[in-house]
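Everything below concerns the one structure shown next.
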Amino acid sequence: MTTTFATLEHLEPALSVRQVLTLERVLAGEPEVVAGAGQLDRPVRWVHVAEAPDVGVMLTGGEMVLTTGVLLAGDEEKQAEYIRSLHRAEAAAVVLGLGRAFPAPPDVMRRAAERCGLPLVVLHRPFPFAELTEEVQSRLVRRKFAAVSLSEAVRTALTGLITAGAPLQRLLDEVAAHSACPVVVTNLAHRVLATAGERSAVDDVLRDWERIARQAGHAEGDGWIRAELGGRGERWGQIVLCGHRGDTATGRLLADRAAEALVLHRMLGGSSAHTWEEQSAQSLLTDLLSGVVPARQLLPRARAAGLPVNRRTFVPLVVRDSDPAPLDRVLRMLGMSGLVAELADRATAVLLSLPRDQDAHALTAHFAARLRSEAGTPRAVAAAADPRTSWDDVPAGLREAQHVADAVADHSAALDLPAVVRLKDVHLRGLIRLLRDDPHVQAFAERELDGLLCAADDDLLAVLRTYLATGRNKSRTAQLHHVSRPALYRRLEAIQARMGVDLDDFEQAASVHIALLAHDAQQG
């Protein structure tokens with residue numbers, strides 16, 4: 001793989017014309033900008049003292065030319081051509097020392113410079129040009145070495161993090177620390193994949209991201225600096241420094257060093273831009289689920305990630321024992337908007353964003369049914385919360401969906417579950433899940449099941465679980481355990497004897513069932 005990055009020669013930080021004019025030695029000459037005032041942010045690569053009328057042929061671009069104009073006095077055509085030749089040579093500016101040759105700013109040169117957009121500065125007091133050249137050259141040399149030092153420091157820091165196996169977020173935090181501004185990584189559709197920087201500043205950037213993203217890279221004077229991400233002739237994203245307050249050249253250096261590191265991180269990690277999208281969705285949904293950050297503060301991140309949020313209905317889902325890939329594939333196949341992210345304990349969260357004029361329940365059922373057929377898991381269950389029309393209610397919805405998923409996680413295989421399960425469907429099982437950490441419930445379960453648990457007979461425990469889950473259906477229980485009815489009767493008798501209960505008595509059977517649900521919830 002061959003990837004080309006900008007070198008320091010292209011990124012060498014330069015002083016701007018405006019910065020040069022603020023130097024103490026220059027101010028002593030009482031400088032006045034008489035033309036090209038709108039071009040004072042041009043970079044000054046070097047300072048050149050020249051009196052020759054044809055000095056333009058000796059320039060390579062970016063020079064600030066100092067002259068007294070002694071060889072131009074009295075010839076207006078030479079004066080105009082002098083300015084035009086500097087413009088053709090892409091000089092940064094021309095500084096004219098007023099004196100015997102020109103006691104006042106020459107109108108011909110001023111008008112020519114204004115037409116060309118070339119800054120023309122006059123010095124009203126005598127000024128030794130050698131002092132200016134010495135001051136500017138020394139500053140440029142110092143800045144160049146500072147750029148080399150910064151480049152190596154950034155490269156060393158980022159390479160060290162990559163070698164240590166640091167995640168993407170850690171690399172971006174390092175870039176944000178060096179740039180002192182928000183850092184945003186996007187795909188080619190301008191969807192935000194990752195961010196770094198001070199949280200409030202990042203939120204300010206993301207709040208209106210859809211509008212400002214397309215301006216990034218077109219307004220570097222305002223500190224918006226972009227570097228492309230890609231390789232093998234293919235772009236797949238970009239990194240943007242948002243509101244970088246240092247000089248543009250340093251910002252470009254940082255952005256390119258960051259891009260270099262991100263591409264290397266992607267290559268060594270064997271990941272892809274799509275994986276970064278999953279990480280972005282995981283971070284957002286995890287923050288929503290935890291409730292640590294108010295939902296309102298997460299809204300800009302959701303919008304910047306490409307999730308439609310205006311006048312939408314949100315349906316939180318949690319699917320157990322399923323990778324994010326098939327869920328994301330079904331989502332795209334159906335043309336539905338949403339985020340997919342892997343949570344802990346083999347659970348995957350899905351946040352559907354649906355138009356308010358569509359039937360959220362029907363679309364959710366369609367998604368779940370398609371998931372069963374496409375993912376090759378006919379028993380896949382989508383635990384769903386009731387639809388939410390307010391973004392602020394999404395965190396509670398995600399927690400509700402997770403609770404439902406937990407409630408059905410240990411559901412007996414004896415019972416077929418629908419593709420979509422909601423809170424109203426989990427009944428007693430859901431309540432027990434909520435109370436599983438209560439010491440009174442734990443003590444109750446241990447007391448009711450003590451005779452069976454002490455025996456450590458997992459086979460009898462499994463038979464009891466199936467028997468109660470099927471509504472005490474002996475034929476169905478025997479069938480599911482592949483035993484004859486007489487063999488089942490003997491096992492049920494052994495269970496009742498060890499526990500000292502009569503399973504034909506509804507109240508006793510209900511008590512054992514509740515205890516078993518609590519035991520399974522605690523174990524799970």
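Just so we're on the same page: first chain in the structure tokens is A, next is B, and so on; residues restart at 1 for each chain, and ligands are numbered from 1 in the order they show up.
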
Write out as a PyMOL selection string the residues lying within 9 Å of Asp173 (chain A), counting only C-alpha atoms and excluding same-chain residues fewer than 6 positions away. chain A and resi 183+195-197

Skipping near chain neighbours, those fewer than 2 positions away, what residues fall within 6 Å of region 355-364 of chain A using only C-alpha atoms, listed as a list in words? Arg312, Thr313, His366 and Phe367 of chain A

Just list as a count of residues only whatever in region 223-373 of chain A DSSP marks as strand (DSSP E). 39

Which neighbours of region 392-408 of chain A fall inside 7 Å, counting only C-alpha atoms, when residues of the same chain fewer than 3 positions from it are skipped, and could you give them as a list in words? Leu288, Leu289, Gly291, Ala295, Arg296, Pro316, Leu317, Val318, Val319, Arg320, Ala383, Ala384, Ala385, Arg388, His411, Arg422, Leu423, Val426, Arg429, Gly430 and Arg433 of chain A

Filtering to N, CA and C atoms, could you give me those residues as a PDB file, in the first residue's frame?
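After the write, selection26.pdb holds the following:
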ATOM      1  N   LEU A 288     -26.436   6.768  26.066  1.00  0.00           N
ATOM      2  CA  LEU A 288     -27.878   6.919  26.244  1.00  0.00           C
ATOM      3  C   LEU A 288     -28.399   5.929  27.284  1.00  0.00           C
ATOM      4  N   LEU A 289     -27.939   4.703  27.200  1.00  0.00           N
ATOM      5  CA  LEU A 289     -28.415   3.647  28.095  1.00  0.00           C
ATOM      6  C   LEU A 289     -27.994   3.904  29.539  1.00  0.00           C
ATOM      7  N   GLY A 291     -27.419   6.757  31.012  1.00  0.00           N
ATOM      8  CA  GLY A 291     -28.080   7.913  31.614  1.00  0.00           C
ATOM      9  C   GLY A 291     -27.137   8.879  32.293  1.00  0.00           C
ATOM     10  N   ALA A 295     -29.939  13.033  27.781  1.00  0.00           N
ATOM     11  CA  ALA A 295     -30.246  12.747  26.378  1.00  0.00           C
ATOM     12  C   ALA A 295     -30.154  13.996  25.525  1.00  0.00           C
ATOM     13  N   ARG A 296     -30.593  15.129  26.077  1.00  0.00           N
ATOM     14  CA  ARG A 296     -30.581  16.376  25.307  1.00  0.00           C
ATOM     15  C   ARG A 296     -29.169  16.741  24.866  1.00  0.00           C
ATOM     16  N   PRO A 316     -36.593   1.597  20.615  1.00  0.00           N
ATOM     17  CA  PRO A 316     -35.394   0.904  21.108  1.00  0.00           C
ATOM     18  C   PRO A 316     -35.622  -0.609  21.117  1.00  0.00           C
ATOM     19  N   LEU A 317     -34.629  -1.343  20.650  1.00  0.00           N
ATOM     20  CA  LEU A 317     -34.672  -2.807  20.617  1.00  0.00           C
ATOM     21  C   LEU A 317     -33.393  -3.356  21.218  1.00  0.00           C
ATOM     22  N   VAL A 318     -33.487  -4.539  21.799  1.00  0.00           N
ATOM     23  CA  VAL A 318     -32.300  -5.279  22.241  1.00  0.00           C
ATOM     24  C   VAL A 318     -32.469  -6.722  21.800  1.00  0.00           C
ATOM     25  N   VAL A 319     -31.456  -7.232  21.110  1.00  0.00           N
ATOM     26  CA  VAL A 319     -31.488  -8.608  20.606  1.00  0.00           C
ATOM     27  C   VAL A 319     -30.330  -9.359  21.238  1.00  0.00           C
ATOM     28  N   ARG A 320     -30.638 -10.472  21.866  1.00  0.00           N
ATOM     29  CA  ARG A 320     -29.599 -11.274  22.536  1.00  0.00           C
ATOM     30  C   ARG A 320     -28.988 -12.278  21.574  1.00  0.00           C
ATOM     31  N   ALA A 383     -36.344  -7.774  21.743  1.00  0.00           N
ATOM     32  CA  ALA A 383     -37.008  -7.184  22.906  1.00  0.00           C
ATOM     33  C   ALA A 383     -37.195  -5.703  22.630  1.00  0.00           C
ATOM     34  N   ALA A 384     -38.441  -5.251  22.611  1.00  0.00           N
ATOM     35  CA  ALA A 384     -38.742  -3.879  22.198  1.00  0.00           C
ATOM     36  C   ALA A 384     -39.403  -3.092  23.310  1.00  0.00           C
ATOM     37  N   ALA A 385     -39.040  -1.816  23.359  1.00  0.00           N
ATOM     38  CA  ALA A 385     -39.752  -0.885  24.231  1.00  0.00           C
ATOM     39  C   ALA A 385     -40.896  -0.271  23.437  1.00  0.00           C
ATOM     40  N   ARG A 388     -41.250   5.770  21.272  1.00  0.00           N
ATOM     41  CA  ARG A 388     -41.070   7.066  21.913  1.00  0.00           C
ATOM     42  C   ARG A 388     -41.111   8.159  20.854  1.00  0.00           C
ATOM     43  N   HIS A 411     -35.552 -17.830  29.061  1.00  0.00           N
ATOM     44  CA  HIS A 411     -36.873 -18.404  28.818  1.00  0.00           C
ATOM     45  C   HIS A 411     -36.740 -19.842  28.342  1.00  0.00           C
ATOM     46  N   ARG A 422     -42.476  -7.469  24.193  1.00  0.00           N
ATOM     47  CA  ARG A 422     -42.503  -6.188  24.907  1.00  0.00           C
ATOM     48  C   ARG A 422     -42.732  -6.424  26.396  1.00  0.00           C
ATOM     49  N   LEU A 423     -42.715  -5.333  27.147  1.00  0.00           N
ATOM     50  CA  LEU A 423     -42.823  -5.418  28.592  1.00  0.00           C
ATOM     51  C   LEU A 423     -44.086  -6.153  29.023  1.00  0.00           C
ATOM     52  N   VAL A 426     -43.744 -10.090  29.269  1.00  0.00           N
ATOM     53  CA  VAL A 426     -42.856 -10.839  30.160  1.00  0.00           C
ATOM     54  C   VAL A 426     -43.489 -11.115  31.522  1.00  0.00           C
ATOM     55  N   ARG A 429     -42.160 -13.012  34.920  1.00  0.00           N
ATOM     56  CA  ARG A 429     -40.724 -13.169  34.667  1.00  0.00           C
ATOM     57  C   ARG A 429     -40.018 -11.806  34.703  1.00  0.00           C
ATOM     58  N   GLY A 430     -40.685 -10.792  34.134  1.00  0.00           N
ATOM     59  CA  GLY A 430     -40.108  -9.454  34.132  1.00  0.00           C
ATOM     60  C   GLY A 430     -40.014  -8.873  35.529  1.00  0.00           C
ATOM     61  N   ARG A 433     -37.159 -10.430  37.385  1.00  0.00           N
ATOM     62  CA  ARG A 433     -35.877  -9.879  36.927  1.00  0.00           C
ATOM     63  C   ARG A 433     -35.559  -8.564  37.635  1.00  0.00           C
TER      64      ARG A 433
END

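Distances from A:Ile432, A:Glu493, A:Pro418, A:Glu448 to Leu460 (chain A) were compared using only C-alpha atoms, and the smallest one belongs to A:Glu493.
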